[in-house]
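Heads up, my_file_31.json below (JSON, C-alpha atoms):
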[["chain", "number", "residue", "atom", "x", "y", "z"],
["A", 1, "MET", "CA", -36.51, -8.47, -27.07],
["A", 2, "LYS", "CA", -33.28, -7.49, -28.79],
["A", 3, "ARG", "CA", -33.67, -3.92, -27.56],
["A", 4, "PHE", "CA", -34.17, -5.21, -24.03],
["A", 5, "LEU", "CA", -31.02, -7.35, -24.19],
["A", 6, "PHE", "CA", -29.07, -4.43, -25.64],
["A", 7, "ILE", "CA", -30.11, -2.16, -22.75],
["A", 8, "ILE", "CA", -29.19, -4.83, -20.20],
["A", 9, "SER", "CA", -25.75, -5.24, -21.80],
["A", 10, "LEU", "CA", -25.12, -1.50, -21.62],
["A", 11, "LEU", "CA", -26.17, -1.34, -17.99],
["A", 12, "SER", "CA", -23.86, -4.21, -17.12],
["A", 13, "LEU", "CA", -20.73, -2.36, -18.32],
["A", 14, "PRO", "CA", -20.43, 0.16, -15.50],
["A", 15, "ALA", "CA", -21.41, -2.51, -13.04],
["A", 16, "SER", "CA", -18.47, -4.65, -14.10],
["A", 17, "ALA", "CA", -16.04, -1.75, -13.82],
["A", 18, "GLY", "CA", -17.50, -0.80, -10.49],
["A", 19, "SER", "CA", -17.08, -4.30, -9.09],
["A", 20, "ALA", "CA", -13.42, -4.30, -10.10],
["A", 21, "ILE", "CA", -12.81, -0.94, -8.43],
["A", 22, "ALA", "CA", -14.77, -2.00, -5.37],
["A", 23, "MET", "CA", -12.68, -5.13, -4.90],
["A", 24, "ASP", "CA", -9.55, -3.22, -3.83],
["A", 25, "MET", "CA", -7.43, -0.50, -5.40],
["A", 26, "SER", "CA", -3.77, -0.47, -4.43],
["A", 27, "GLY", "CA", -2.84, 3.21, -4.59],
["A", 28, "TYR", "CA", 0.20, 4.26, -2.56],
["A", 29, "GLN", "CA", 2.09, 1.37, -0.97],
["A", 30, "PRO", "CA", 5.47, 1.62, 0.81],
["A", 31, "PRO", "CA", 8.25, -0.92, 0.23],
["A", 32, "ALA", "CA", 9.82, -2.72, 3.18],
["A", 33, "PRO", "CA", 11.52, -1.76, 5.41],
["A", 34, "PHE", "CA", 9.87, 1.68, 5.16],
["A", 35, "GLY", "CA", 6.41, 0.35, 5.93],
["A", 36, "VAL", "CA", 4.56, -2.29, 7.91],
["A", 37, "PHE", "CA", 2.25, -3.74, 5.24],
["A", 38, "SER", "CA", 0.33, -0.76, 3.80],
["A", 39, "THR", "CA", 1.22, 1.63, 6.61],
["A", 40, "ALA", "CA", 4.24, 3.79, 5.79],
["A", 41, "THR", "CA", 6.85, 4.92, 8.27],
["A", 42, "ALA", "CA", 8.10, 8.50, 8.41],
["A", 43, "ASP", "CA", 11.59, 7.17, 7.65],
["A", 44, "SER", "CA", 13.09, 7.32, 4.16],
["A", 45, "PRO", "CA", 16.08, 5.81, 2.39],
["A", 46, "GLU", "CA", 19.33, 7.71, 2.67],
["A", 47, "PRO", "CA", 20.22, 10.01, -0.28],
["A", 48, "MET", "CA", 20.69, 7.94, -3.45],
["A", 49, "GLN", "CA", 19.69, 4.77, -1.62],
["A", 50, "SER", "CA", 16.73, 2.76, -2.90],
["A", 51, "ALA", "CA", 14.39, 0.07, -1.63],
["A", 52, "VAL", "CA", 12.59, -2.19, -4.12],
["A", 53, "SER", "CA", 9.83, -4.62, -3.11],
["A", 54, "PHE", "CA", 8.17, -7.38, -5.10],
["A", 55, "THR", "CA", 4.84, -8.16, -3.46],
["A", 56, "PHE", "CA", 2.24, -10.88, -3.94],
["A", 57, "GLU", "CA", -1.30, -10.71, -2.53],
["A", 58, "LYS", "CA", -3.95, -13.44, -2.52],
["A", 59, "VAL", "CA", -7.35, -12.06, -1.60],
["A", 60, "GLY", "CA", -10.53, -13.97, -0.85],
["A", 61, "GLU", "CA", -14.11, -12.76, -1.37],
["A", 62, "PRO", "CA", -13.75, -11.09, -3.77],
["A", 63, "ASP", "CA", -11.15, -13.47, -5.19],
["A", 64, "PHE", "CA", -8.14, -12.01, -6.95],
["A", 65, "LYS", "CA", -4.36, -11.94, -6.97],
["A", 66, "ARG", "CA", -2.14, -8.88, -7.15],
["A", 67, "TYR", "CA", 1.53, -8.67, -8.14],
["A", 68, "SER", "CA", 3.14, -5.33, -7.28],
["A", 69, "THR", "CA", 6.50, -3.64, -7.56],
["A", 70, "GLN", "CA", 7.21, -0.78, -5.16],
["A", 71, "LEU", "CA", 10.17, 1.58, -5.20],
["A", 72, "ALA", "CA", 11.35, 4.18, -2.70],
["A", 73, "MET", "CA", 14.43, 6.29, -3.48],
["A", 74, "GLY", "CA", 16.05, 8.80, -1.16],
["A", 75, "ILE", "CA", 16.46, 12.24, -2.75],
["A", 76, "THR", "CA", 17.73, 14.00, 0.36],
["A", 77, "ARG", "CA", 17.95, 12.87, 3.96],
["A", 78, "ASN", "CA", 14.24, 13.59, 4.48],
["A", 79, "ILE", "CA", 12.70, 13.52, 0.98],
["A", 80, "GLU", "CA", 11.74, 10.32, -0.82],
["A", 81, "PHE", "CA", 10.44, 9.56, -4.30],
["A", 82, "GLY", "CA", 8.23, 6.48, -4.67],
["A", 83, "VAL", "CA", 6.46, 4.38, -7.31],
["A", 84, "ASN", "CA", 3.91, 1.55, -7.06],
["A", 85, "ILE", "CA", 3.07, -0.61, -10.10],
["A", 86, "PRO", "CA", 0.30, -3.17, -9.39],
["A", 87, "TYR", "CA", -0.93, -5.93, -11.71],
["A", 88, "VAL", "CA", -4.24, -7.67, -10.93],
["A", 89, "ASP", "CA", -5.51, -11.12, -11.95],
["A", 90, "ASP", "CA", -9.07, -12.00, -10.92],
["A", 91, "SER", "CA", -9.22, -15.18, -13.07],
["A", 92, "VAL", "CA", -11.55, -13.43, -15.53],
["A", 93, "GLU", "CA", -9.69, -10.21, -16.30],
["A", 94, "GLN", "CA", -6.04, -9.27, -15.90],
["A", 95, "GLY", "CA", -4.36, -5.91, -16.17],
["A", 96, "ILE", "CA", -2.37, -3.09, -14.64],
["A", 97, "GLU", "CA", -3.95, -0.73, -12.14],
["A", 98, "ASP", "CA", -3.09, 2.96, -12.20],
["A", 99, "ILE", "CA", 0.61, 3.58, -11.47],
["A", 100, "THR", "CA", 1.06, 5.71, -8.35],
["A", 101, "PHE", "CA", 3.95, 8.16, -7.92],
["A", 102, "SER", "CA", 4.68, 9.77, -4.58],
["A", 103, "ILE", "CA", 6.84, 12.33, -2.81],
["A", 104, "LYS", "CA", 7.29, 11.95, 0.95],
["A", 105, "HIS", "CA", 8.83, 14.74, 3.04],
["A", 106, "ARG", "CA", 9.70, 14.24, 6.70],
["A", 107, "PHE", "CA", 9.34, 17.73, 8.15],
["A", 108, "PHE", "CA", 9.60, 16.92, 11.86],
["A", 109, "GLU", "CA", 12.17, 14.68, 13.53],
["A", 110, "GLU", "CA", 11.35, 12.37, 16.40],
["A", 111, "GLY", "CA", 12.11, 13.69, 19.88],
["A", 112, "ASN", "CA", 12.11, 12.22, 23.36],
["A", 113, "TYR", "CA", 8.35, 12.53, 23.59],
["A", 114, "GLY", "CA", 7.05, 13.56, 20.19],
["A", 115, "PRO", "CA", 6.86, 11.48, 16.99],
["A", 116, "SER", "CA", 8.51, 12.12, 13.66],
["A", 117, "ALA", "CA", 6.07, 13.41, 11.05],
["A", 118, "ALA", "CA", 5.92, 13.50, 7.26],
["A", 119, "TYR", "CA", 3.48, 14.50, 4.58],
["A", 120, "ILE", "CA", 3.02, 12.67, 1.31],
["A", 121, "LEU", "CA", 1.82, 13.85, -2.10],
["A", 122, "THR", "CA", 0.63, 11.30, -4.64],
["A", 123, "GLY", "CA", -0.28, 11.28, -8.31],
["A", 124, "ALA", "CA", -1.60, 8.33, -10.28],
["A", 125, "LYS", "CA", -1.12, 7.82, -14.02],
["A", 126, "SER", "CA", -4.08, 6.12, -15.68],
["A", 127, "SER", "CA", -3.45, 2.61, -16.97],
["A", 128, "ASN", "CA", -6.33, 3.08, -19.45],
["A", 129, "ASN", "CA", -7.73, -0.20, -18.18],
["A", 130, "GLU", "CA", -11.51, -0.05, -17.87],
["A", 131, "GLN", "CA", -11.54, -2.69, -15.15],
["A", 132, "TYR", "CA", -8.77, -1.45, -12.87],
["A", 133, "SER", "CA", -8.37, 2.28, -13.47],
["A", 134, "THR", "CA", -9.84, 5.44, -11.97],
["A", 135, "ASP", "CA", -8.34, 7.47, -14.84],
["A", 136, "GLY", "CA", -5.57, 8.53, -12.49],
["A", 137, "GLY", "CA", -5.90, 11.03, -9.69],
["A", 138, "TYR", "CA", -4.14, 13.06, -7.03],
["A", 139, "GLY", "CA", -3.91, 12.85, -3.27],
["A", 140, "GLY", "CA", -1.91, 13.33, -0.12],
["A", 141, "GLY", "CA", -1.69, 12.41, 3.51],
["A", 142, "LEU", "CA", 0.10, 12.57, 6.83],
["A", 143, "ILE", "CA", 2.41, 10.03, 8.48],
["A", 144, "ALA", "CA", 3.55, 9.89, 12.10],
["A", 145, "SER", "CA", 6.09, 7.47, 13.63],
["A", 146, "LYS", "CA", 7.27, 6.89, 17.19],
["A", 147, "ARG", "CA", 9.71, 4.43, 18.76],
["A", 148, "ILE", "CA", 9.03, 3.17, 22.26],
["A", 149, "GLY", "CA", 11.84, 0.80, 23.21],
["A", 150, "PRO", "CA", 11.74, -2.16, 20.79],
["A", 151, "LEU", "CA", 8.31, -1.10, 19.48],
["A", 152, "GLN", "CA", 7.65, 1.22, 16.55],
["A", 153, "VAL", "CA", 4.18, 2.76, 16.13],
["A", 154, "HIS", "CA", 3.13, 4.28, 12.80],
["A", 155, "ALA", "CA", -0.08, 6.11, 11.89],
["A", 156, "ASN", "CA", -1.22, 7.12, 8.38],
["A", 157, "VAL", "CA", -4.11, 9.08, 6.94],
["A", 158, "LEU", "CA", -4.25, 9.12, 3.12],
["A", 159, "TYR", "CA", -6.66, 10.79, 0.70],
["A", 160, "THR", "CA", -7.08, 10.26, -3.05],
["A", 161, "ASP", "CA", -9.25, 12.23, -5.50],
["A", 162, "PRO", "CA", -9.88, 10.15, -8.68],
["A", 163, "ASN", "CA", -10.19, 11.69, -12.12],
["A", 164, "GLN", "CA", -12.99, 9.37, -13.24],
["A", 165, "GLU", "CA", -16.43, 10.97, -13.08],
["A", 166, "GLY", "CA", -18.90, 9.30, -10.77],
["A", 167, "LEU", "CA", -16.29, 8.10, -8.28],
["A", 168, "LEU", "CA", -15.94, 9.49, -4.77],
["A", 169, "ASN", "CA", -12.79, 10.28, -2.82],
["A", 170, "ASP", "CA", -10.84, 7.38, -1.34],
["A", 171, "ILE", "CA", -9.86, 7.83, 2.33],
["A", 172, "ARG", "CA", -7.63, 5.38, 4.18],
["A", 173, "GLY", "CA", -6.50, 5.35, 7.79],
["A", 174, "SER", "CA", -4.10, 2.83, 9.29],
["A", 175, "LEU", "CA", -2.16, 2.07, 12.45],
["A", 176, "GLY", "CA", 0.90, -0.16, 12.24],
["A", 177, "PHE", "CA", 3.24, -1.75, 14.78],
["A", 178, "ILE", "CA", 6.75, -3.17, 14.34],
["A", 179, "PHE", "CA", 8.24, -5.06, 17.28],
["A", 180, "ALA", "CA", 11.95, -5.86, 17.12],
["A", 181, "ALA", "CA", 12.05, -9.41, 18.47],
["A", 182, "ASP", "CA", 15.69, -9.78, 17.40],
["A", 183, "HIS", "CA", 18.25, -7.75, 15.46],
["A", 184, "ASN", "CA", 17.11, -9.35, 12.18],
["A", 185, "PHE", "CA", 13.54, -10.40, 13.02],
["A", 186, "ASN", "CA", 10.44, -8.23, 13.43],
["A", 187, "LEU", "CA", 6.85, -8.99, 14.37],
["A", 188, "LEU", "CA", 4.26, -6.92, 12.48],
["A", 189, "ALA", "CA", 0.68, -5.88, 13.17],
["A", 190, "GLU", "CA", -1.61, -3.47, 11.36],
["A", 191, "LEU", "CA", -5.17, -2.16, 11.50],
["A", 192, "ILE", "CA", -6.53, -0.51, 8.37],
["A", 193, "ALA", "CA", -9.89, 1.15, 7.62],
["A", 194, "ARG", "CA", -10.94, 2.53, 4.26],
["A", 195, "LYS", "CA", -13.73, 4.40, 2.51],
["A", 196, "SER", "CA", -13.49, 3.45, -1.14],
["A", 197, "TYR", "CA", -14.32, 5.27, -4.37],
["A", 198, "LEU", "CA", -17.82, 3.77, -4.42],
["A", 199, "SER", "CA", -18.95, 4.47, -0.87],
["A", 200, "ARG", "CA", -19.84, 7.44, 1.33],
["A", 201, "SER", "CA", -18.98, 5.50, 4.47],
["A", 202, "LEU", "CA", -16.44, 2.98, 5.74],
["A", 203, "ASP", "CA", -16.52, -0.14, 3.56],
["A", 204, "GLN", "CA", -13.28, -1.96, 4.37],
["A", 205, "ALA", "CA", -11.63, -2.85, 7.67],
["A", 206, "GLU", "CA", -8.83, -5.37, 8.16],
["A", 207, "ALA", "CA", -6.54, -6.65, 10.90],
["A", 208, "ARG", "CA", -3.14, -7.87, 9.71],
["A", 209, "ILE", "CA", -0.31, -9.73, 11.43],
["A", 210, "GLY", "CA", 2.99, -11.13, 10.20],
["A", 211, "TYR", "CA", 6.75, -11.09, 10.47],
["A", 212, "ARG", "CA", 9.81, -9.80, 8.64],
["A", 213, "PHE", "CA", 13.33, -11.23, 8.34],
["A", 214, "LEU", "CA", 16.50, -9.35, 7.36],
["A", 215, "TYR", "CA", 19.21, -11.23, 5.46],
["A", 216, "ALA", "CA", 22.74, -9.99, 4.74],
["A", 217, "ASN", "CA", 21.78, -6.43, 5.75],
["A", 218, "ARG", "CA", 19.98, -5.81, 2.48],
["A", 219, "VAL", "CA", 17.25, -8.41, 1.80],
["A", 220, "TYR", "CA", 13.92, -8.33, 3.65],
["A", 221, "SER", "CA", 11.28, -11.04, 3.47],
["A", 222, "THR", "CA", 7.80, -10.27, 4.79],
["A", 223, "LEU", "CA", 4.87, -12.63, 5.30],
["A", 224, "GLY", "CA", 1.47, -11.57, 6.58],
["A", 225, "VAL", "CA", -2.16, -12.59, 6.83],
["A", 226, "ALA", "CA", -5.20, -10.35, 7.13],
["A", 227, "LEU", "CA", -8.77, -10.95, 8.19],
["A", 228, "GLY", "CA", -11.71, -8.70, 7.39],
["A", 229, "ILE", "CA", -13.34, -7.31, 10.54],
["A", 230, "ASP", "CA", -16.52, -6.25, 8.78],
["A", 231, "ASP", "CA", -18.74, -7.84, 6.14],
["A", 232, "LYS", "CA", -18.03, -5.31, 3.38],
["A", 233, "GLY", "CA", -14.37, -5.82, 2.49],
["A", 234, "PRO", "CA", -12.37, -8.96, 1.65],
["A", 235, "ASP", "CA", -12.71, -11.97, 3.95],
["A", 236, "TYR", "CA", -8.98, -12.62, 4.05],
["A", 237, "ARG", "CA", -5.67, -11.60, 2.48],
["A", 238, "ILE", "CA", -2.26, -13.28, 2.29],
["A", 239, "LEU", "CA", 0.73, -11.01, 1.71],
["A", 240, "LEU", "CA", 4.27, -12.00, 0.72],
["A", 241, "SER", "CA", 7.08, -9.68, -0.29],
["A", 242, "ILE", "CA", 10.80, -9.70, -0.97],
["A", 243, "SER", "CA", 12.59, -6.37, -0.67],
["A", 244, "LEU", "CA", 16.09, -5.28, -1.60],
["A", 245, "LEU", "CA", 17.97, -2.27, -0.25],
["A", 246, "PHE", "CA", 20.55, -0.64, -2.55],
["A", 247, "PRO", "CA", 23.36, 0.00, -1.95],
["A", 248, "LYS", "CA", 24.02, -2.52, 0.79],
["A", 249, "LYS", "CA", 24.18, -0.85, 4.18],
["A", 250, "LYS", "CA", 24.73, -2.25, 7.64],
["A", 251, "ILE", "CA", 21.37, -1.44, 9.13],
["A", 252, "SER", "CA", 19.12, -3.37, 11.49],
["A", 253, "VAL", "CA", 15.39, -3.70, 11.06],
["A", 254, "GLU", "CA", 14.68, -1.99, 14.34],
["A", 255, "ALA", "CA", 17.10, 0.93, 13.89],
["A", 256, "LEU", "CA", 16.30, 2.68, 10.62],
["A", 257, "ASP", "CA", 17.14, 6.35, 10.42]]
Would you kindly transcribe this structure into structure tokens?
Amino acid sequence: MKRFLFIISLLSLPASAGSAIAMDMSGYQPPAPFGVFSTATADSPEPMQSAVSFTFEKVGEPDFKRYSTQLAMGITRNIEFGVNIPYVDDSVEQGIEDITFSIKHRFFEEGNYGPSAAYILTGAKSSNNEQYSTDGGYGGGLIASKRIGPLQVHANVLYTDPNQEGLLNDIRGSLGFIFAADHNFNLLAELIARKSYLSRSLDQAEARIGYRFLYANRVYSTLGVALGIDDKGPDYRILLSISLLFPKKKISVEALD
């Protein structure tokens, strides 16, 4: 009997880690105003300008909370360095996920008919947390952005190869929309689909809506809600973030360059 219980306890260890990874891994996330929710824009901060976001997520089924800090810093006019540091609390376990570093390079500027385009390279440093880590990893992706009057359309495809044995590649595609309802008020919408580390097919799809306010030309507040549109991912998600742009610059939410 003791041997049987011992075997069961060993088998339960990877299952617990797997369930944590399956619930949602943050990976690359853009700070406002250089993203919708998880969909990045091809725009970047000006040289030596930085955007810092403090983000809270409340997710249902599976139930957990995530507190994240995202940074984007302009290196040149079209190159950006980024960091995402997420902390997860699922009421049973708490800890830091892998920390993701990124370089985004806008290699094509928007024209009258064509979009602007950028590629992104990512690297994740392992948090050494058995519940919330993939032992780091590397990835990349493509970003396209287009303005059509007061509407911005952004499309992302991102790929991550984890270091942990037994995990598959993570692939995420998203389409985001930013509508400038006023000079300091935006309406947001986003569709996101994802194949996680534990699946060979799509296992997460969400529709997200929300809004963003700009205060004093440097402070952005974003509120959004998401609903799962399949039965594999989370049922719902509430997103709240406060973002600061340094140094202060007179810039409107619908006219970032």
### Polymer residues at most 9 Å from Ser102 (chain A), only C-alpha atoms, same-chain spacing of 5 or more positions, as a ChimeraX atom specification
/A:28,72,80-84,120-124,140
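Between CA of His183 (chain A) and CA of Gln49 (chain A) lies a distance of 21.2 Å.
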### Message
Here is a test: counting all atoms listed in the file, which residue of A:Gln204, A:Ser133, A:Arg147, A:Ser199 is nearest to Arg172 (chain A)?
### Response
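Closest residue, counting all atoms listed in the file: A:Gln204.
Of note, CA of Ala205 (chain A) and CA of Ser174 (chain A) are spaced 9.6 Å apart.
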### Task
List the neighbours of Ala189 (chain A) out to 8 Å using all atoms listed in the file; skip same-chain residues closer than 5 positions along the sequence, and give me the result as a PyMOL selection string.
chain A and resi 36+176-178+207-210
Please return the centre and edge lengths, in Å to one decimal, of a box with edges along x, y and z that contains all listed atoms of region 114-117 of chain A, widened by 6 Å on every side, as JSON.
{"center_x": 7.3, "center_y": 12.5, "center_z": 15.6, "size_x": 14.4, "size_y": 14.1, "size_z": 21.1}
### Query
So, counting all atoms listed in the file, which residue among A:Leu142, A:Tyr211, A:Gly27, A:Arg218 is closest to Ser53 (chain A)?
A:Arg218
### Summary
From CA of Asp89 (chain A) to CA of Ser50 (chain A) the spacing works out at 27.7 Å
Would you kindly return, as a compact mmCIF listing (two decimals) with C-alpha atoms, in the coordinates of the input, each protein, DNA or RNA residue with an atom no farther than 10 Å from any atom of Ser91 (chain A), considering all atoms listed in the file and excluding same-chain residues fewer than 4 positions away?
# COMPACT_ATOMS: atom_id res chain seq x y z
CA ASP A 63 -11.15 -13.47 -5.19
CA PHE A 64 -8.14 -12.01 -6.95
CA LYS A 65 -4.36 -11.94 -6.97
Can you list, as a PDB file with C-alpha atoms, in the coordinates of the input, every protein, DNA or RNA residue that comes within 10 Å of Glu61 (chain A) when you count all atoms listed in the file, leaving out same-chain residues fewer than 4 positions away?
ATOM      1  CA  MET A  23     -12.680  -5.130  -4.900  1.00  0.00           C
ATOM      2  CA  GLY A 228     -11.710  -8.700   7.390  1.00  0.00           C
ATOM      3  CA  LYS A 232     -18.030  -5.310   3.380  1.00  0.00           C
ATOM      4  CA  GLY A 233     -14.370  -5.820   2.490  1.00  0.00           C
ATOM      5  CA  PRO A 234     -12.370  -8.960   1.650  1.00  0.00           C
ATOM      6  CA  ASP A 235     -12.710 -11.970   3.950  1.00  0.00           C
ATOM      7  CA  TYR A 236      -8.980 -12.620   4.050  1.00  0.00           C
ATOM      8  CA  ARG A 237      -5.670 -11.600   2.480  1.00  0.00           C
TER       9      ARG A 237
END
Would it be fine to have region 153-197 of chain A, with C-alpha atoms, given as a CSV table (one decimal), in the first residue's frame?
chain,number,residue,atom,x,y,z
A,153,VAL,CA,-5.6,47.6,-36.8
A,154,HIS,CA,-2.8,45.4,-35.4
A,155,ALA,CA,-1.9,41.8,-36.2
A,156,ASN,CA,0.6,39.6,-34.3
A,157,VAL,CA,2.0,36.1,-34.7
A,158,LEU,CA,4.3,35.0,-31.9
A,159,TYR,CA,6.2,31.7,-31.4
A,160,THR,CA,8.0,30.5,-28.3
A,161,ASP,CA,10.3,27.4,-28.0
A,162,PRO,CA,10.5,26.4,-24.3
A,163,ASN,CA,13.7,24.9,-22.7
A,164,GLN,CA,11.8,22.4,-20.6
A,165,GLU,CA,11.8,18.9,-22.0
A,166,GLY,CA,8.3,17.4,-22.8
A,167,LEU,CA,6.8,20.8,-23.6
A,168,LEU,CA,5.7,21.8,-27.1
A,169,ASN,CA,6.1,25.1,-28.9
A,170,ASP,CA,3.7,27.9,-27.9
A,171,ILE,CA,2.1,29.7,-30.9
A,172,ARG,CA,-0.1,32.8,-30.5
A,173,GLY,CA,-2.0,34.8,-33.0
A,174,SER,CA,-4.0,37.9,-32.3
A,175,LEU,CA,-5.9,40.7,-34.0
A,176,GLY,CA,-6.4,44.0,-32.2
A,177,PHE,CA,-8.3,47.2,-32.8
A,178,ILE,CA,-7.9,50.7,-31.3
A,179,PHE,CA,-10.7,53.2,-32.1
A,180,ALA,CA,-9.9,56.9,-31.3
A,181,ALA,CA,-13.3,58.0,-29.9
A,182,ASP,CA,-11.7,61.2,-28.6
A,183,HIS,CA,-8.3,62.7,-28.3
A,184,ASN,CA,-7.8,61.1,-24.9
A,185,PHE,CA,-10.2,58.2,-25.1
A,186,ASN,CA,-9.9,54.9,-27.0
A,187,LEU,CA,-12.1,51.9,-27.5
A,188,LEU,CA,-10.3,48.6,-27.6
A,189,ALA,CA,-11.1,45.2,-29.1
A,190,GLU,CA,-9.0,42.1,-29.5
A,191,LEU,CA,-9.3,38.5,-30.7
A,192,ILE,CA,-6.6,36.1,-29.6
A,193,ALA,CA,-6.0,32.4,-30.4
A,194,ARG,CA,-3.3,30.2,-28.9
A,195,LYS,CA,-1.7,26.8,-29.0
A,196,SER,CA,-0.1,26.2,-25.6
A,197,TYR,CA,3.0,24.2,-24.5
